[in-house]
file entry_38.txt (compact mmCIF, N, CA and C atoms)
# COMPACT_ATOMS: atom_id res chain seq x y z
N TRP A 4 -2.03 16.14 15.51
CA TRP A 4 -1.26 17.25 15.04
C TRP A 4 0.07 17.30 15.77
N ARG A 5 1.05 17.82 15.10
CA ARG A 5 2.37 17.91 15.71
C ARG A 5 3.00 19.23 15.33
N LEU A 6 3.57 19.89 16.30
CA LEU A 6 4.30 21.12 16.05
C LEU A 6 5.79 20.80 16.03
N TYR A 7 6.49 21.36 15.09
CA TYR A 7 7.91 21.11 14.93
C TYR A 7 8.70 22.34 15.36
N ASP A 8 9.86 22.08 15.92
CA ASP A 8 10.71 23.17 16.42
C ASP A 8 11.35 23.95 15.28
N ASN A 9 11.68 23.24 14.20
CA ASN A 9 12.35 23.86 13.07
C ASN A 9 12.27 22.89 11.89
N PRO A 10 12.68 23.30 10.71
CA PRO A 10 12.59 22.41 9.54
C PRO A 10 13.36 21.10 9.71
N ALA A 11 14.49 21.12 10.36
CA ALA A 11 15.27 19.89 10.56
C ALA A 11 14.51 18.92 11.47
N HIS A 12 13.86 19.45 12.47
CA HIS A 12 13.05 18.61 13.37
C HIS A 12 11.88 18.00 12.61
N ALA A 13 11.26 18.77 11.74
CA ALA A 13 10.15 18.27 10.92
C ALA A 13 10.63 17.14 10.02
N ARG A 14 11.77 17.32 9.35
CA ARG A 14 12.32 16.28 8.47
C ARG A 14 12.63 15.01 9.26
N GLN A 15 13.20 15.15 10.45
CA GLN A 15 13.52 13.99 11.28
C GLN A 15 12.25 13.25 11.69
N CYS A 16 11.24 13.97 12.12
CA CYS A 16 9.99 13.33 12.56
C CYS A 16 9.28 12.66 11.40
N LEU A 17 9.27 13.29 10.24
CA LEU A 17 8.63 12.70 9.07
C LEU A 17 9.38 11.46 8.59
N ALA A 18 10.70 11.48 8.68
CA ALA A 18 11.49 10.30 8.30
C ALA A 18 11.19 9.14 9.25
N GLU A 19 11.07 9.42 10.54
CA GLU A 19 10.73 8.38 11.52
C GLU A 19 9.34 7.81 11.24
N PHE A 20 8.39 8.69 10.93
CA PHE A 20 7.04 8.23 10.61
C PHE A 20 7.04 7.35 9.37
N ARG A 21 7.72 7.80 8.32
CA ARG A 21 7.77 7.05 7.06
C ARG A 21 8.39 5.67 7.29
N GLU A 22 9.44 5.60 8.08
CA GLU A 22 10.09 4.32 8.39
C GLU A 22 9.12 3.39 9.12
N ARG A 23 8.46 3.90 10.14
CA ARG A 23 7.51 3.09 10.92
C ARG A 23 6.33 2.65 10.05
N TYR A 24 5.80 3.56 9.25
CA TYR A 24 4.64 3.28 8.42
C TYR A 24 4.94 2.21 7.38
N ASN A 25 6.12 2.27 6.79
CA ASN A 25 6.44 1.36 5.69
C ASN A 25 7.11 0.05 6.11
N THR A 26 7.75 0.01 7.26
CA THR A 26 8.50 -1.19 7.62
C THR A 26 8.02 -1.91 8.87
N GLN A 27 7.27 -1.23 9.72
CA GLN A 27 6.86 -1.85 10.98
C GLN A 27 5.36 -2.06 11.08
N ARG A 28 4.58 -1.20 10.52
CA ARG A 28 3.13 -1.23 10.67
C ARG A 28 2.49 -2.07 9.57
N PRO A 29 1.90 -3.24 9.91
CA PRO A 29 1.21 -4.03 8.89
C PRO A 29 -0.02 -3.28 8.37
N HIS A 30 -0.32 -3.44 7.10
CA HIS A 30 -1.48 -2.79 6.48
C HIS A 30 -2.54 -3.85 6.22
N TRP A 31 -3.73 -3.64 6.71
CA TRP A 31 -4.79 -4.66 6.64
C TRP A 31 -5.12 -5.07 5.22
N ALA A 32 -4.89 -4.22 4.23
CA ALA A 32 -5.22 -4.57 2.85
C ALA A 32 -4.11 -5.38 2.17
N LEU A 33 -2.95 -5.51 2.80
CA LEU A 33 -1.83 -6.24 2.21
C LEU A 33 -1.76 -7.63 2.83
N ARG A 34 -2.63 -8.51 2.39
CA ARG A 34 -2.69 -9.88 2.91
C ARG A 34 -1.88 -10.81 1.99
N PRO A 35 -1.08 -11.71 2.58
CA PRO A 35 -0.31 -12.65 1.76
C PRO A 35 -1.24 -13.58 0.97
N LYS A 36 -0.81 -13.99 -0.22
CA LYS A 36 -1.61 -14.91 -1.04
C LYS A 36 -1.89 -16.22 -0.33
N ASP A 37 -0.95 -16.68 0.46
CA ASP A 37 -1.10 -17.97 1.15
C ASP A 37 -1.78 -17.83 2.50
N GLY A 38 -2.31 -16.65 2.80
CA GLY A 38 -2.95 -16.41 4.09
C GLY A 38 -1.94 -15.93 5.12
N GLY A 39 -2.44 -15.60 6.27
CA GLY A 39 -1.55 -15.14 7.34
C GLY A 39 -1.80 -13.69 7.68
N ASP A 40 -0.92 -13.17 8.49
CA ASP A 40 -1.04 -11.80 8.97
C ASP A 40 -0.74 -10.80 7.86
N PRO A 41 -1.32 -9.59 7.95
CA PRO A 41 -1.05 -8.55 6.96
C PRO A 41 0.44 -8.21 6.88
N LEU A 42 0.85 -7.75 5.73
CA LEU A 42 2.24 -7.40 5.47
C LEU A 42 2.44 -5.89 5.56
N THR A 43 3.68 -5.48 5.56
CA THR A 43 4.02 -4.06 5.50
C THR A 43 4.29 -3.70 4.04
N PRO A 44 4.22 -2.41 3.69
CA PRO A 44 4.59 -2.03 2.33
C PRO A 44 6.01 -2.48 1.97
N HIS A 45 6.91 -2.45 2.92
CA HIS A 45 8.29 -2.91 2.66
C HIS A 45 8.30 -4.38 2.23
N ASP A 46 7.48 -5.21 2.91
CA ASP A 46 7.39 -6.62 2.55
C ASP A 46 6.94 -6.79 1.10
N VAL A 47 5.98 -5.99 0.70
CA VAL A 47 5.38 -6.13 -0.63
C VAL A 47 6.24 -5.51 -1.72
N TYR A 48 6.69 -4.27 -1.51
CA TYR A 48 7.37 -3.55 -2.59
C TYR A 48 8.88 -3.73 -2.62
N GLU A 49 9.49 -4.07 -1.50
CA GLU A 49 10.93 -4.29 -1.48
C GLU A 49 11.27 -5.78 -1.50
N LYS A 50 10.60 -6.55 -0.67
CA LYS A 50 10.87 -8.00 -0.61
C LYS A 50 10.08 -8.77 -1.66
N ARG A 51 9.14 -8.09 -2.33
CA ARG A 51 8.35 -8.68 -3.42
C ARG A 51 7.48 -9.85 -2.97
N LEU A 52 6.95 -9.80 -1.74
CA LEU A 52 6.03 -10.84 -1.28
C LEU A 52 4.67 -10.62 -1.95
N ALA A 53 4.08 -11.68 -2.44
CA ALA A 53 2.81 -11.59 -3.18
C ALA A 53 1.64 -11.40 -2.22
N THR A 54 0.68 -10.62 -2.66
CA THR A 54 -0.53 -10.38 -1.87
C THR A 54 -1.74 -10.79 -2.67
N GLU A 55 -2.84 -10.99 -1.96
CA GLU A 55 -4.11 -11.26 -2.63
C GLU A 55 -4.88 -9.95 -2.74
N LEU A 56 -5.75 -9.87 -3.70
CA LEU A 56 -6.58 -8.69 -3.86
C LEU A 56 -7.61 -8.68 -2.73
N PRO A 57 -7.69 -7.58 -1.96
CA PRO A 57 -8.67 -7.53 -0.89
C PRO A 57 -10.09 -7.73 -1.44
N LYS A 58 -10.93 -8.39 -0.66
CA LYS A 58 -12.30 -8.68 -1.10
C LYS A 58 -13.04 -7.41 -1.50
N TRP A 59 -12.78 -6.31 -0.82
CA TRP A 59 -13.48 -5.08 -1.14
C TRP A 59 -13.03 -4.49 -2.48
N GLN A 60 -11.98 -5.03 -3.07
CA GLN A 60 -11.50 -4.52 -4.36
C GLN A 60 -11.82 -5.45 -5.52
N THR A 61 -12.64 -6.44 -5.31
CA THR A 61 -12.94 -7.35 -6.42
C THR A 61 -13.60 -6.63 -7.59
N TRP A 62 -14.27 -5.53 -7.31
CA TRP A 62 -14.89 -4.74 -8.37
C TRP A 62 -13.82 -4.26 -9.36
N ALA A 63 -12.60 -4.03 -8.87
CA ALA A 63 -11.53 -3.52 -9.73
C ALA A 63 -11.13 -4.53 -10.79
N VAL A 64 -11.16 -5.81 -10.46
CA VAL A 64 -10.82 -6.86 -11.42
C VAL A 64 -11.83 -6.86 -12.56
N ALA A 65 -13.12 -6.82 -12.21
CA ALA A 65 -14.17 -6.81 -13.23
C ALA A 65 -14.11 -5.54 -14.07
N ALA A 66 -13.85 -4.42 -13.44
CA ALA A 66 -13.77 -3.15 -14.18
C ALA A 66 -12.59 -3.16 -15.15
N ARG A 67 -11.47 -3.70 -14.71
CA ARG A 67 -10.29 -3.76 -15.58
C ARG A 67 -10.55 -4.67 -16.78
N LYS A 68 -11.20 -5.80 -16.53
CA LYS A 68 -11.51 -6.74 -17.60
C LYS A 68 -12.43 -6.07 -18.63
N LYS A 69 -13.45 -5.37 -18.15
CA LYS A 69 -14.37 -4.70 -19.05
C LYS A 69 -13.66 -3.61 -19.85
N LEU A 70 -12.80 -2.85 -19.21
CA LEU A 70 -12.05 -1.81 -19.90
C LEU A 70 -11.15 -2.41 -20.97
N ASP A 71 -10.46 -3.50 -20.63
CA ASP A 71 -9.60 -4.16 -21.61
C ASP A 71 -10.40 -4.65 -22.82
N GLN A 72 -11.60 -5.18 -22.57
CA GLN A 72 -12.45 -5.64 -23.67
C GLN A 72 -12.89 -4.48 -24.55
N MET A 73 -13.18 -3.34 -23.93
CA MET A 73 -13.61 -2.17 -24.71
C MET A 73 -12.44 -1.61 -25.53
N LEU A 74 -11.25 -1.59 -24.96
CA LEU A 74 -10.10 -1.03 -25.65
C LEU A 74 -9.50 -1.96 -26.68
N HIS A 75 -9.63 -3.26 -26.44
CA HIS A 75 -9.02 -4.27 -27.32
C HIS A 75 -10.02 -5.36 -27.63
N PRO A 76 -11.08 -5.07 -28.37
CA PRO A 76 -12.10 -6.08 -28.65
C PRO A 76 -11.57 -7.26 -29.45
N GLU A 77 -10.52 -7.05 -30.21
CA GLU A 77 -9.97 -8.13 -31.03
C GLU A 77 -9.31 -9.21 -30.18
N ALA A 78 -8.91 -8.88 -28.95
CA ALA A 78 -8.25 -9.85 -28.07
C ALA A 78 -9.26 -10.73 -27.35
N ALA A 79 -10.50 -10.35 -27.33
CA ALA A 79 -11.51 -11.10 -26.57
C ALA A 79 -11.93 -12.37 -27.24
call {"tool": "encode", "arguments": {"input": "entry_38.txt", "output": "structure tokens"}}
result
Amino acid sequence: WRLYDNPAHARQCLAEFRERYNTQRPHWALRPKDGGDPLTPHDVYEKRLATELPKWQTWAVAARKKLDQMLHPEAA
């Protein structure tokens, strides 16, 4: 928890947090396709570096495929 002195102080602290979170702190779920250390959101969304789907999210690929088949059976 953090207490802020005033609204300007809160905005400054939140901006610093957002900068650190998005540009300095690697996120374990953002792994490069070619392997290596995790990337930051800035690497992925601004620099457009490709990531692999985390193993714990493989269910999402199957669910999307099933949904697409249900919505567009003619394409299957």
call {"tool": "residues_around", "arguments": {"input": "entry_38.txt", "residues": "region 44-48 of chain A", "least_positions_apart": "5", "cutoff": "6.5 Å", "atoms": "only N, CA and C atoms", "output": "PyMOL selection string"}}
result
chain A and resi 24-26+28-30+53
call {"tool": "closest_residue", "arguments": {"input": "entry_38.txt", "among": "A:Glu55, A:Asp71, A:Asp8, A:Glu49", "to": "Pro35 (chain A)", "atoms": "only N, CA and C atoms"}}
result
A:Glu55
call {"tool": "axis_aligned_box", "arguments": {"input": "entry_38.txt", "around": "region 39-58 of chain A", "padding_each_side": "8 Å", "output": "lines of an AutoDock Vina configuration file"}}
result
center_x = -0.9
center_y = -8.8
center_z = 2.6
size_x = 40.3
size_y = 29.6
size_z = 28.8
call {"tool": "atom_distance", "arguments": {"input": "entry_38.txt", "atom1": "CA of Leu74 (chain A)", "atom2": "atom N of Lys58 (chain A)"}}
result
26.1 Å
call {"tool": "residues_around", "arguments": {"input": "entry_38.txt", "residues": "Leu56 (chain A)", "least_positions_apart": "2", "cutoff": "8 Å", "atoms": "all atoms listed in the file", "output": "PDB file with N, CA and C atoms, keeping the file's coordinate frame"}}
result
ATOM      1  N   ALA A  32      -4.890  -4.220   4.230  1.00  0.00           N
ATOM      2  CA  ALA A  32      -5.220  -4.570   2.850  1.00  0.00           C
ATOM      3  C   ALA A  32      -4.110  -5.380   2.170  1.00  0.00           C
ATOM      4  N   LEU A  33      -2.950  -5.510   2.800  1.00  0.00           N
ATOM      5  CA  LEU A  33      -1.830  -6.240   2.210  1.00  0.00           C
ATOM      6  C   LEU A  33      -1.760  -7.630   2.830  1.00  0.00           C
ATOM      7  N   ARG A  34      -2.630  -8.510   2.390  1.00  0.00           N
ATOM      8  CA  ARG A  34      -2.690  -9.880   2.910  1.00  0.00           C
ATOM      9  C   ARG A  34      -1.880 -10.810   1.990  1.00  0.00           C
ATOM     10  N   PRO A  35      -1.080 -11.710   2.580  1.00  0.00           N
ATOM     11  CA  PRO A  35      -0.310 -12.650   1.760  1.00  0.00           C
ATOM     12  C   PRO A  35      -1.240 -13.580   0.970  1.00  0.00           C
ATOM     13  N   LYS A  36      -0.810 -13.990  -0.220  1.00  0.00           N
ATOM     14  CA  LYS A  36      -1.610 -14.910  -1.040  1.00  0.00           C
ATOM     15  C   LYS A  36      -1.890 -16.220  -0.330  1.00  0.00           C
ATOM     16  N   ALA A  53       4.080 -11.680  -2.440  1.00  0.00           N
ATOM     17  CA  ALA A  53       2.810 -11.590  -3.180  1.00  0.00           C
ATOM     18  C   ALA A  53       1.640 -11.400  -2.220  1.00  0.00           C
ATOM     19  N   THR A  54       0.680 -10.620  -2.660  1.00  0.00           N
ATOM     20  CA  THR A  54      -0.530 -10.380  -1.870  1.00  0.00           C
ATOM     21  C   THR A  54      -1.740 -10.790  -2.670  1.00  0.00           C
ATOM     22  N   LYS A  58     -10.930  -8.390  -0.660  1.00  0.00           N
ATOM     23  CA  LYS A  58     -12.300  -8.680  -1.100  1.00  0.00           C
ATOM     24  C   LYS A  58     -13.040  -7.410  -1.500  1.00  0.00           C
ATOM     25  N   TRP A  59     -12.780  -6.310  -0.820  1.00  0.00           N
ATOM     26  CA  TRP A  59     -13.480  -5.080  -1.140  1.00  0.00           C
ATOM     27  C   TRP A  59     -13.030  -4.490  -2.480  1.00  0.00           C
ATOM     28  N   GLN A  60     -11.980  -5.030  -3.070  1.00  0.00           N
ATOM     29  CA  GLN A  60     -11.500  -4.520  -4.360  1.00  0.00           C
ATOM     30  C   GLN A  60     -11.820  -5.450  -5.520  1.00  0.00           C
ATOM     31  N   THR A  61     -12.640  -6.440  -5.310  1.00  0.00           N
ATOM     32  CA  THR A  61     -12.940  -7.350  -6.420  1.00  0.00           C
ATOM     33  C   THR A  61     -13.600  -6.630  -7.590  1.00  0.00           C
TER      34      THR A  61
END
call {"tool": "select_by_dssp", "arguments": {"input": "entry_38.txt", "residues": "chain A", "states": "alpha helix (DSSP H)", "output": "PyMOL selection string"}}
result
chain A and resi 10-26+44-48+61-74
call {"tool": "build_atoms", "arguments": {"input": "entry_38.txt", "residues": "region 48-74 of chain A", "atoms": "N, CA, C and O atoms", "output": "PDB file, in the coordinates of the input"}}
result
ATOM      1  N   TYR A  48       6.690  -4.270  -1.510  1.00  0.00           N
ATOM      2  CA  TYR A  48       7.370  -3.550  -2.590  1.00  0.00           C
ATOM      3  C   TYR A  48       8.880  -3.730  -2.620  1.00  0.00           C
ATOM      4  O   TYR A  48       9.482  -3.588  -3.677  1.00  0.00           O
ATOM      5  N   GLU A  49       9.490  -4.070  -1.500  1.00  0.00           N
ATOM      6  CA  GLU A  49      10.930  -4.290  -1.480  1.00  0.00           C
ATOM      7  C   GLU A  49      11.270  -5.780  -1.500  1.00  0.00           C
ATOM      8  O   GLU A  49      12.125  -6.208  -2.256  1.00  0.00           O
ATOM      9  N   LYS A  50      10.600  -6.550  -0.670  1.00  0.00           N
ATOM     10  CA  LYS A  50      10.870  -8.000  -0.610  1.00  0.00           C
ATOM     11  C   LYS A  50      10.080  -8.770  -1.660  1.00  0.00           C
ATOM     12  O   LYS A  50      10.293  -9.955  -1.843  1.00  0.00           O
ATOM     13  N   ARG A  51       9.140  -8.090  -2.330  1.00  0.00           N
ATOM     14  CA  ARG A  51       8.350  -8.680  -3.420  1.00  0.00           C
ATOM     15  C   ARG A  51       7.480  -9.850  -2.970  1.00  0.00           C
ATOM     16  O   ARG A  51       7.277 -10.810  -3.716  1.00  0.00           O
ATOM     17  N   LEU A  52       6.950  -9.800  -1.740  1.00  0.00           N
ATOM     18  CA  LEU A  52       6.030 -10.840  -1.280  1.00  0.00           C
ATOM     19  C   LEU A  52       4.670 -10.620  -1.950  1.00  0.00           C
ATOM     20  O   LEU A  52       4.183  -9.497  -2.035  1.00  0.00           O
ATOM     21  N   ALA A  53       4.080 -11.680  -2.440  1.00  0.00           N
ATOM     22  CA  ALA A  53       2.810 -11.590  -3.180  1.00  0.00           C
ATOM     23  C   ALA A  53       1.640 -11.400  -2.220  1.00  0.00           C
ATOM     24  O   ALA A  53       1.610 -11.974  -1.138  1.00  0.00           O
ATOM     25  N   THR A  54       0.680 -10.620  -2.660  1.00  0.00           N
ATOM     26  CA  THR A  54      -0.530 -10.380  -1.870  1.00  0.00           C
ATOM     27  C   THR A  54      -1.740 -10.790  -2.670  1.00  0.00           C
ATOM     28  O   THR A  54      -1.686 -10.919  -3.897  1.00  0.00           O
ATOM     29  N   GLU A  55      -2.840 -10.990  -1.960  1.00  0.00           N
ATOM     30  CA  GLU A  55      -4.110 -11.260  -2.630  1.00  0.00           C
ATOM     31  C   GLU A  55      -4.880  -9.950  -2.740  1.00  0.00           C
ATOM     32  O   GLU A  55      -4.651  -9.034  -1.947  1.00  0.00           O
ATOM     33  N   LEU A  56      -5.750  -9.870  -3.700  1.00  0.00           N
ATOM     34  CA  LEU A  56      -6.580  -8.690  -3.860  1.00  0.00           C
ATOM     35  C   LEU A  56      -7.610  -8.680  -2.730  1.00  0.00           C
ATOM     36  O   LEU A  56      -8.303  -9.660  -2.523  1.00  0.00           O
ATOM     37  N   PRO A  57      -7.690  -7.580  -1.960  1.00  0.00           N
ATOM     38  CA  PRO A  57      -8.670  -7.530  -0.890  1.00  0.00           C
ATOM     39  C   PRO A  57     -10.090  -7.730  -1.440  1.00  0.00           C
ATOM     40  O   PRO A  57     -10.399  -7.306  -2.550  1.00  0.00           O
ATOM     41  N   LYS A  58     -10.930  -8.390  -0.660  1.00  0.00           N
ATOM     42  CA  LYS A  58     -12.300  -8.680  -1.100  1.00  0.00           C
ATOM     43  C   LYS A  58     -13.040  -7.410  -1.500  1.00  0.00           C
ATOM     44  O   LYS A  58     -13.825  -7.417  -2.434  1.00  0.00           O
ATOM     45  N   TRP A  59     -12.780  -6.310  -0.820  1.00  0.00           N
ATOM     46  CA  TRP A  59     -13.480  -5.080  -1.140  1.00  0.00           C
ATOM     47  C   TRP A  59     -13.030  -4.490  -2.480  1.00  0.00           C
ATOM     48  O   TRP A  59     -13.643  -3.573  -2.986  1.00  0.00           O
ATOM     49  N   GLN A  60     -11.980  -5.030  -3.070  1.00  0.00           N
ATOM     50  CA  GLN A  60     -11.500  -4.520  -4.360  1.00  0.00           C
ATOM     51  C   GLN A  60     -11.820  -5.450  -5.520  1.00  0.00           C
ATOM     52  O   GLN A  60     -11.318  -5.234  -6.617  1.00  0.00           O
ATOM     53  N   THR A  61     -12.640  -6.440  -5.310  1.00  0.00           N
ATOM     54  CA  THR A  61     -12.940  -7.350  -6.420  1.00  0.00           C
ATOM     55  C   THR A  61     -13.600  -6.630  -7.590  1.00  0.00           C
ATOM     56  O   THR A  61     -13.479  -7.055  -8.729  1.00  0.00           O
ATOM     57  N   TRP A  62     -14.270  -5.530  -7.310  1.00  0.00           N
ATOM     58  CA  TRP A  62     -14.890  -4.740  -8.370  1.00  0.00           C
ATOM     59  C   TRP A  62     -13.820  -4.260  -9.360  1.00  0.00           C
ATOM     60  O   TRP A  62     -14.075  -4.122 -10.553  1.00  0.00           O
ATOM     61  N   ALA A  63     -12.600  -4.030  -8.870  1.00  0.00           N
ATOM     62  CA  ALA A  63     -11.530  -3.520  -9.730  1.00  0.00           C
ATOM     63  C   ALA A  63     -11.130  -4.530 -10.790  1.00  0.00           C
ATOM     64  O   ALA A  63     -10.799  -4.171 -11.919  1.00  0.00           O
ATOM     65  N   VAL A  64     -11.160  -5.810 -10.460  1.00  0.00           N
ATOM     66  CA  VAL A  64     -10.820  -6.860 -11.420  1.00  0.00           C
ATOM     67  C   VAL A  64     -11.830  -6.860 -12.560  1.00  0.00           C
ATOM     68  O   VAL A  64     -11.463  -6.881 -13.741  1.00  0.00           O
ATOM     69  N   ALA A  65     -13.120  -6.820 -12.210  1.00  0.00           N
ATOM     70  CA  ALA A  65     -14.170  -6.810 -13.230  1.00  0.00           C
ATOM     71  C   ALA A  65     -14.110  -5.540 -14.070  1.00  0.00           C
ATOM     72  O   ALA A  65     -14.272  -5.582 -15.298  1.00  0.00           O
ATOM     73  N   ALA A  66     -13.850  -4.420 -13.440  1.00  0.00           N
ATOM     74  CA  ALA A  66     -13.770  -3.150 -14.180  1.00  0.00           C
ATOM     75  C   ALA A  66     -12.590  -3.160 -15.150  1.00  0.00           C
ATOM     76  O   ALA A  66     -12.702  -2.702 -16.290  1.00  0.00           O
ATOM     77  N   ARG A  67     -11.470  -3.700 -14.710  1.00  0.00           N
ATOM     78  CA  ARG A  67     -10.290  -3.760 -15.580  1.00  0.00           C
ATOM     79  C   ARG A  67     -10.550  -4.670 -16.780  1.00  0.00           C
ATOM     80  O   ARG A  67     -10.170  -4.363 -17.915  1.00  0.00           O
ATOM     81  N   LYS A  68     -11.200  -5.800 -16.530  1.00  0.00           N
ATOM     82  CA  LYS A  68     -11.510  -6.740 -17.600  1.00  0.00           C
ATOM     83  C   LYS A  68     -12.430  -6.070 -18.630  1.00  0.00           C
ATOM     84  O   LYS A  68     -12.217  -6.174 -19.837  1.00  0.00           O
ATOM     85  N   LYS A  69     -13.450  -5.370 -18.150  1.00  0.00           N
ATOM     86  CA  LYS A  69     -14.370  -4.700 -19.050  1.00  0.00           C
ATOM     87  C   LYS A  69     -13.660  -3.610 -19.850  1.00  0.00           C
ATOM     88  O   LYS A  69     -13.876  -3.465 -21.056  1.00  0.00           O
ATOM     89  N   LEU A  70     -12.800  -2.850 -19.210  1.00  0.00           N
ATOM     90  CA  LEU A  70     -12.050  -1.810 -19.900  1.00  0.00           C
ATOM     91  C   LEU A  70     -11.150  -2.410 -20.970  1.00  0.00           C
ATOM     92  O   LEU A  70     -11.082  -1.906 -22.093  1.00  0.00           O
ATOM     93  N   ASP A  71     -10.460  -3.500 -20.630  1.00  0.00           N
ATOM     94  CA  ASP A  71      -9.600  -4.160 -21.610  1.00  0.00           C
ATOM     95  C   ASP A  71     -10.400  -4.650 -22.820  1.00  0.00           C
ATOM     96  O   ASP A  71      -9.941  -4.543 -23.956  1.00  0.00           O
ATOM     97  N   GLN A  72     -11.600  -5.180 -22.570  1.00  0.00           N
ATOM     98  CA  GLN A  72     -12.450  -5.640 -23.670  1.00  0.00           C
ATOM     99  C   GLN A  72     -12.890  -4.480 -24.550  1.00  0.00           C
ATOM    100  O   GLN A  72     -12.969  -4.612 -25.776  1.00  0.00           O
ATOM    101  N   MET A  73     -13.180  -3.340 -23.930  1.00  0.00           N
ATOM    102  CA  MET A  73     -13.610  -2.170 -24.710  1.00  0.00           C
ATOM    103  C   MET A  73     -12.440  -1.610 -25.530  1.00  0.00           C
ATOM    104  O   MET A  73     -12.641  -1.208 -26.676  1.00  0.00           O
ATOM    105  N   LEU A  74     -11.250  -1.590 -24.960  1.00  0.00           N
ATOM    106  CA  LEU A  74     -10.100  -1.030 -25.650  1.00  0.00           C
ATOM    107  C   LEU A  74      -9.500  -1.960 -26.680  1.00  0.00           C
ATOM    108  O   LEU A  74      -8.898  -1.520 -27.662  1.00  0.00           O
TER     109      LEU A  74
END
